[in-house]
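What follows is a set of notes on a single structure, which appears directly below.
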Amino acid sequence: MKHISNLSILKAQGKQYIPDPTTAQVPGIFRGRPVISTTPADNEKIAAICPMQAIGTQGGLSIDLGKCAFCGLCARQFPDKITFTKDYKMATTVRENLIVREGIDKPIEYGPKPECAKLFKGSLKLRQVSAGGDNSCEWELGATGNVNFDMGRYGIEFVASPRHADGIVITGPITVNMARATQICYDAVPQPRLLVLCGVDAISGGLYADSDAIDRSFLKTHKVDLYLPGNPAHPLTILNGLRELTV
Amino acid sequence: MKTLTLYNNGRSVAFGDIPQTTDYHEFTQYVHEAMANDAYHCVSYFGYPNADALQLIMCLANDTNGTIEVFSFVLKEKNCPSLKIRAIDRFEREIAENFGIAFEGHQWPKPVRTAPDDYPFYRADDEELHEVGVGPIHAGVIEPGHFRFTCEGEKILNLEIMLGYQHRGVEKLMLEKPLLSQKAMLAESVAGDSAVSHGIAFATSYEALCDYQINERAAVERMIACELERMAIHTGDLSAICGDVAYQLGNAVYGRLRTPIINFMQKWCGNRLGKTMVRPFEAPYDLTPELIADLHATLNAYEKDFTQMSNKIKRCPSVLSRLERTGTVTREQAVEIGAVGMASRASGMLRDIRSTHPYLKYEGQVKLVVKKHGDVYSRTQVRIEEVYESLALIRKLVDNLPAAQASHTAEPQLQANRFALSLVEGWRGEICHCAITDNSGKLALYKIKDPSFHNWDALELAVRNNEISDFPICNKSFNLSYCGHDL
Ligand code: SF4
């Protein structure tokens, strides 16, 4: 077999990075921000099918993207009422902004940046803590650093120690057995520090919210700075959400 | 002892048909005789509270004739002698933890999922040796677990792993959550990197309990999704293995090669990890002619680059010298601990559910990839060659996709007092889901076993006498699941 040089592999690979991840299109049937039409429908019935209890009926139909697992069931069963757009820019600093209401088709508002964000311009180092995460959000957080998404180009990186970090990114619903380690890790990050929740399990506990193996008391006593919705969050949701903090 | 012989065919049996004995000697004798034969291994062993006793249900699979022998011991006390079989140790620990049973003479009675702070790790009292503690939070973007090394200088003499940090209560929620869609999502989140495989194991056992058989097209589509998952993760892990030996080119190329595969998953079902791909009774996302054309193009482009990269690392001395003879698990060790899946095949075992206990339409479709040395390089080779096997299989399946068929009209219902067991060969290895329904046709037990439940022992053995700096690469070559183990 002929000898293959590193150079020929590099040449065959070409350029793999996404030139502009703030405007890139996601291929296929990606389920991003949903849109709820004003078409009259049996709202109670729609809410009842949602496995995550993410659909509210007060004041018209609404979907809470902090609880939604983007499973698409509602849209498949009630296509006239709910559709999913490919809009991946769903990150926000305000929990309430994750609630999408009937008849409103506009981007999720990012919300005010945390006070300390100006310190992280052009360089944001984060420590990741998986606290009952199912390794899907962890996977996608990892993917943001690969040659396609290349989040490093914005100076955003995951670091090995909380001592080197500007904040932590939590995945998973926070298990009882990880509650203490999560607290210790957060405390080890020098102040001021950011707290980011990635994925439905971290944001609302997801299907695990009422499990007795979960302990979410950490979140009751600390202010969350950024929510990255998804199940798992898409690398472009993560990248755009974090990048906003650094510009 | 009488046993009930099952096949991995998506059928359930009457729960009452599982033979019971109150004679522990009879029970253990059968287990010991079977396990003395290499062909048998324990796919699941769990407790089911039944009347005022605990029914301990044993499921032993025979790799040579495709059977699964199921039988049980009815335990009325709070203690019983340990079977003292290494490959079943962890199952006993789990039963002990879940039901407060003391297994007398158990060789290592330690917690499985509680991760207590004061656990006394194994230690050698020797001033020449030192300990290194790692975790629960690790340096990378990965899940938590605690590793305690005993080292002599740079050399690892012993590794003890403590898990349980990820315990979320999946099995309990399986019974509590009322909607089928919730149960399917719980199954997918057992290990998010094996969403398709666990999804199939759940769907199959649930359908079996409803006495429902999916149509041929849906069965084949499940296989295609599962093989794509295998390709994607093997490719990603090859990238990580290259990364851990500081081989940047391999790290970058394999890393980016995973992308088109998982992006195809997303085009097909809307999720890069294949979540929502598999649901009981139906194939929610049809493989359309457009998708098939896209898949062919994706695989062709992938194969060219994958081959170029794989041929390169096979000839790259600086990579090979780090992979060869590192992290060895001998065949004897693999048999003793009951290793499964990719890791067992890298140590010379012929264990692959797709071939030993075929399900869906896998019968005769998979050529086993087996290596002898049991080192990191063997596991690397198995992954590379399995990618080619999956590629060939996917192409064959896609080209012979059965015609679309109408599925069910009304949603089938769970039958009362049934038992179902489903085995699925995920990319790590065998996944086993067992389910029991009660008198009223509700789920009364849902038992999940991820292949990691067996294979964490393999990692502990693999690193002995290796440099501690080689730990990451040993770890990555297995890439075991924390959440799948901790549930
Ligand atoms: S897509 Fe979200 S809102 Fe719709 S059913 Fe699924 S979890 Fe509920």
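Each chain in the structure tokens gets a letter, A, B and so on, in the order shown; residues start at 1 in every chain, and ligands are counted from 1 in the order they appear.
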
Kindly assemble as JSON lines a list of the chain B residues that lie within 10 Å of ligand 1, each paired with its nearest atom pair and their distance in Å to one decimal, using only C-alpha atoms and all ligand atoms, sorted first by chain and then by ascending residue number.
{"residue": "B:Ser181", "atom": "CA", "partner": "ligand 1", "partner_atom_place_in_ligand_line": "5 (S)", "distance": 9.0}
{"residue": "B:Gln182", "atom": "CA", "partner": "ligand 1", "partner_atom_place_in_ligand_line": "7 (S)", "distance": 9.5}
{"residue": "B:Met185", "atom": "CA", "partner": "ligand 1", "partner_atom_place_in_ligand_line": "7 (S)", "distance": 9.9}
{"residue": "B:Thr276", "atom": "CA", "partner": "ligand 1", "partner_atom_place_in_ligand_line": "6 (Fe)", "distance": 9.6}

Could you save those same residues with N, CA and C atoms as an mmCIF file, in the first residue's frame?
data_model
loop_
_atom_site.group_PDB
_atom_site.id
_atom_site.type_symbol
_atom_site.label_atom_id
_atom_site.label_comp_id
_atom_site.auth_asym_id
_atom_site.auth_seq_id
_atom_site.Cartn_x
_atom_site.Cartn_y
_atom_site.Cartn_z
ATOM 1 N N SER B 181 -44.180 7.755 26.461
ATOM 2 C CA SER B 181 -43.136 8.642 25.923
ATOM 3 C C SER B 181 -42.106 8.976 27.006
ATOM 4 N N GLN B 182 -42.564 9.057 28.269
ATOM 5 C CA GLN B 182 -41.626 9.337 29.365
ATOM 6 C C GLN B 182 -40.696 8.157 29.589
ATOM 7 N N MET B 185 -38.080 8.026 26.933
ATOM 8 C CA MET B 185 -37.038 9.042 27.111
ATOM 9 C C MET B 185 -36.106 8.690 28.258
ATOM 10 N N THR B 276 -35.006 10.179 20.433
ATOM 11 C CA THR B 276 -36.339 10.144 19.781
ATOM 12 C C THR B 276 -36.382 9.246 18.543
#

>> Residues within 12 Å of Lys15 (chain A), please, as a list in words. Count only C-alpha atoms; anything in the same chain fewer than 4 positions from it doesn't count.
In response: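 So, after excluding close chain neighbours, the residues are Ile9, Leu10, Lys11, Pro19, Val147, Asn148, Phe149 and Asp150 of chain A; Ala252, Val253 and Arg256 of chain B.
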
> What does the distance from CA of Val31 (chain B) to CA of Glu104 (chain B) come to in Å, to one decimal?
Replying inline: 17.0 Å

>> Select, as a ChimeraX atom specification, those residues of chain B with any atom no more than 8 Å from chain A (distances computed using only C-alpha atoms).
In response: /B:114-115,136-144,164-169,173,179,181-182,186,189-193,249,252-253,255-256,263-264,266-271,273,275-276,305,308-309,311-312,483-484

Selection export as a compact mmCIF listing (two decimals), in the first residue's frame, atoms kept: N, CA and C atoms:
# COMPACT_ATOMS: atom_id res chain seq x y z
N THR B 114 -23.93 4.34 46.09
CA THR B 114 -24.13 5.34 47.14
C THR B 114 -22.92 6.26 47.31
N ALA B 115 -21.76 5.85 46.82
CA ALA B 115 -20.55 6.68 46.88
C ALA B 115 -20.34 7.37 48.23
N PRO B 136 -14.37 12.88 42.39
CA PRO B 136 -15.29 12.52 41.31
C PRO B 136 -15.23 13.41 40.06
N ILE B 137 -14.88 14.70 40.21
CA ILE B 137 -14.85 15.53 39.00
C ILE B 137 -13.50 15.36 38.32
N HIS B 138 -13.54 15.04 37.03
CA HIS B 138 -12.30 14.79 36.30
C HIS B 138 -11.87 16.01 35.51
N ALA B 139 -10.67 15.92 34.95
CA ALA B 139 -10.12 17.09 34.27
C ALA B 139 -10.82 17.41 32.96
N GLY B 140 -11.38 16.42 32.30
CA GLY B 140 -12.00 16.67 31.00
C GLY B 140 -13.48 16.99 31.11
N VAL B 141 -14.13 17.07 29.95
CA VAL B 141 -15.58 17.28 29.93
C VAL B 141 -16.21 15.89 29.94
N ILE B 142 -16.15 15.24 31.09
CA ILE B 142 -16.70 13.88 31.19
C ILE B 142 -17.44 13.72 32.51
N GLU B 143 -18.01 12.53 32.66
CA GLU B 143 -18.84 12.28 33.84
C GLU B 143 -17.99 11.99 35.07
N PRO B 144 -18.62 12.04 36.25
CA PRO B 144 -17.86 11.84 37.49
C PRO B 144 -17.77 10.41 38.01
N GLY B 164 -21.22 5.70 41.36
CA GLY B 164 -22.47 5.99 42.06
C GLY B 164 -22.83 7.47 42.06
N TYR B 165 -21.86 8.32 41.67
CA TYR B 165 -22.11 9.76 41.69
C TYR B 165 -23.22 10.18 40.73
N GLN B 166 -23.41 9.36 39.71
CA GLN B 166 -24.39 9.71 38.69
C GLN B 166 -25.78 9.13 38.95
N HIS B 167 -25.97 8.50 40.09
CA HIS B 167 -27.24 7.80 40.33
C HIS B 167 -28.43 8.76 40.33
N ARG B 168 -29.36 8.51 39.39
CA ARG B 168 -30.52 9.40 39.23
C ARG B 168 -31.85 8.72 39.55
N GLY B 169 -31.81 7.41 39.76
CA GLY B 169 -33.07 6.70 40.05
C GLY B 169 -33.87 6.33 38.81
N LEU B 173 -38.06 5.54 38.38
CA LEU B 173 -38.88 6.44 37.57
C LEU B 173 -39.56 5.70 36.42
N LEU B 179 -46.50 8.02 31.38
CA LEU B 179 -46.61 8.01 29.91
C LEU B 179 -45.54 7.13 29.27
N SER B 181 -44.18 7.75 26.46
CA SER B 181 -43.14 8.64 25.92
C SER B 181 -42.11 8.98 27.01
N GLN B 182 -42.56 9.06 28.27
CA GLN B 182 -41.63 9.34 29.36
C GLN B 182 -40.70 8.16 29.59
N LEU B 186 -36.67 8.09 29.30
CA LEU B 186 -35.80 7.64 30.40
C LEU B 186 -34.81 6.60 29.87
N SER B 189 -32.03 8.09 28.10
CA SER B 189 -31.09 8.85 28.92
C SER B 189 -30.31 7.96 29.89
N VAL B 190 -30.50 6.65 29.82
CA VAL B 190 -29.68 5.75 30.66
C VAL B 190 -28.22 6.06 30.38
N ALA B 191 -27.89 6.12 29.09
CA ALA B 191 -26.57 6.58 28.66
C ALA B 191 -26.81 7.31 27.34
N GLY B 192 -26.67 8.63 27.38
CA GLY B 192 -27.03 9.43 26.21
C GLY B 192 -26.18 9.11 24.98
N ASP B 193 -25.00 8.50 25.20
CA ASP B 193 -24.17 8.14 24.05
C ASP B 193 -24.60 6.80 23.47
N LEU B 249 -3.10 14.96 14.50
CA LEU B 249 -3.75 14.75 13.21
C LEU B 249 -4.91 13.77 13.35
N ALA B 252 -7.82 15.28 15.25
CA ALA B 252 -8.63 16.22 14.47
C ALA B 252 -9.44 15.50 13.39
N VAL B 253 -8.79 14.57 12.68
CA VAL B 253 -9.47 13.95 11.54
C VAL B 253 -10.61 13.03 12.01
N GLY B 255 -12.06 13.19 14.82
CA GLY B 255 -13.03 14.05 15.50
C GLY B 255 -14.00 14.66 14.52
N ARG B 256 -13.48 15.12 13.41
CA ARG B 256 -14.39 15.76 12.46
C ARG B 256 -15.16 14.72 11.64
N ASN B 263 -24.54 14.15 12.14
CA ASN B 263 -25.41 15.09 11.43
C ASN B 263 -26.44 14.34 10.59
N PHE B 264 -26.04 13.18 10.08
CA PHE B 264 -27.04 12.39 9.36
C PHE B 264 -28.15 11.92 10.31
N GLN B 266 -29.20 13.49 12.75
CA GLN B 266 -30.07 14.63 12.96
C GLN B 266 -31.00 14.87 11.78
N LYS B 267 -30.47 14.65 10.56
CA LYS B 267 -31.33 14.82 9.39
C LYS B 267 -32.46 13.80 9.43
N TRP B 268 -32.15 12.64 9.98
CA TRP B 268 -33.13 11.55 10.00
C TRP B 268 -34.16 11.75 11.10
N CYS B 269 -33.69 12.03 12.33
CA CYS B 269 -34.64 12.06 13.45
C CYS B 269 -34.64 13.38 14.21
N GLY B 270 -33.79 14.33 13.80
CA GLY B 270 -33.82 15.63 14.46
C GLY B 270 -32.91 15.74 15.67
N ASN B 271 -32.11 14.71 15.94
CA ASN B 271 -31.23 14.75 17.12
C ASN B 271 -29.91 14.08 16.77
N LEU B 273 -27.68 12.74 18.59
CA LEU B 273 -27.38 11.51 19.31
C LEU B 273 -28.46 10.44 19.10
N LYS B 275 -31.55 10.61 19.87
CA LYS B 275 -32.67 10.60 20.81
C LYS B 275 -33.96 10.82 20.03
N THR B 276 -35.01 10.18 20.43
CA THR B 276 -36.34 10.14 19.78
C THR B 276 -36.38 9.25 18.54
N ASP B 305 -11.96 9.02 3.78
CA ASP B 305 -11.12 9.71 4.76
C ASP B 305 -10.78 8.81 5.94
N GLN B 308 -7.99 6.45 4.91
CA GLN B 308 -6.71 7.15 4.81
C GLN B 308 -6.10 7.35 6.21
N MET B 309 -6.95 7.79 7.13
CA MET B 309 -6.46 8.05 8.48
C MET B 309 -6.08 6.76 9.20
N ASN B 311 -5.19 3.86 7.92
CA ASN B 311 -3.97 3.28 7.38
C ASN B 311 -2.74 4.02 7.90
N LYS B 312 -2.94 5.31 8.11
CA LYS B 312 -1.81 6.11 8.60
C LYS B 312 -1.44 5.71 10.03
N CYS B 483 -23.06 7.02 33.90
CA CYS B 483 -24.50 7.09 34.16
C CYS B 483 -25.18 5.77 33.85
N GLY B 484 -24.68 5.04 32.84
CA GLY B 484 -25.25 3.74 32.52
C GLY B 484 -25.07 2.76 33.66

>> From the options A:Ala41, A:Ile170, A:Val94, A:Val189, which residue's atoms come nearest to Asp225 (chain A), counting only C-alpha atoms?
In response: A:Val94

>> Residues of region 68-311 of chain B classed as helix (DSSP H, G or I) by DSSP on the backbone are to be reported as a ChimeraX atom specification.
In response: /B:86-99,170-176,180-188,192-209,216-244,248-269,289-311
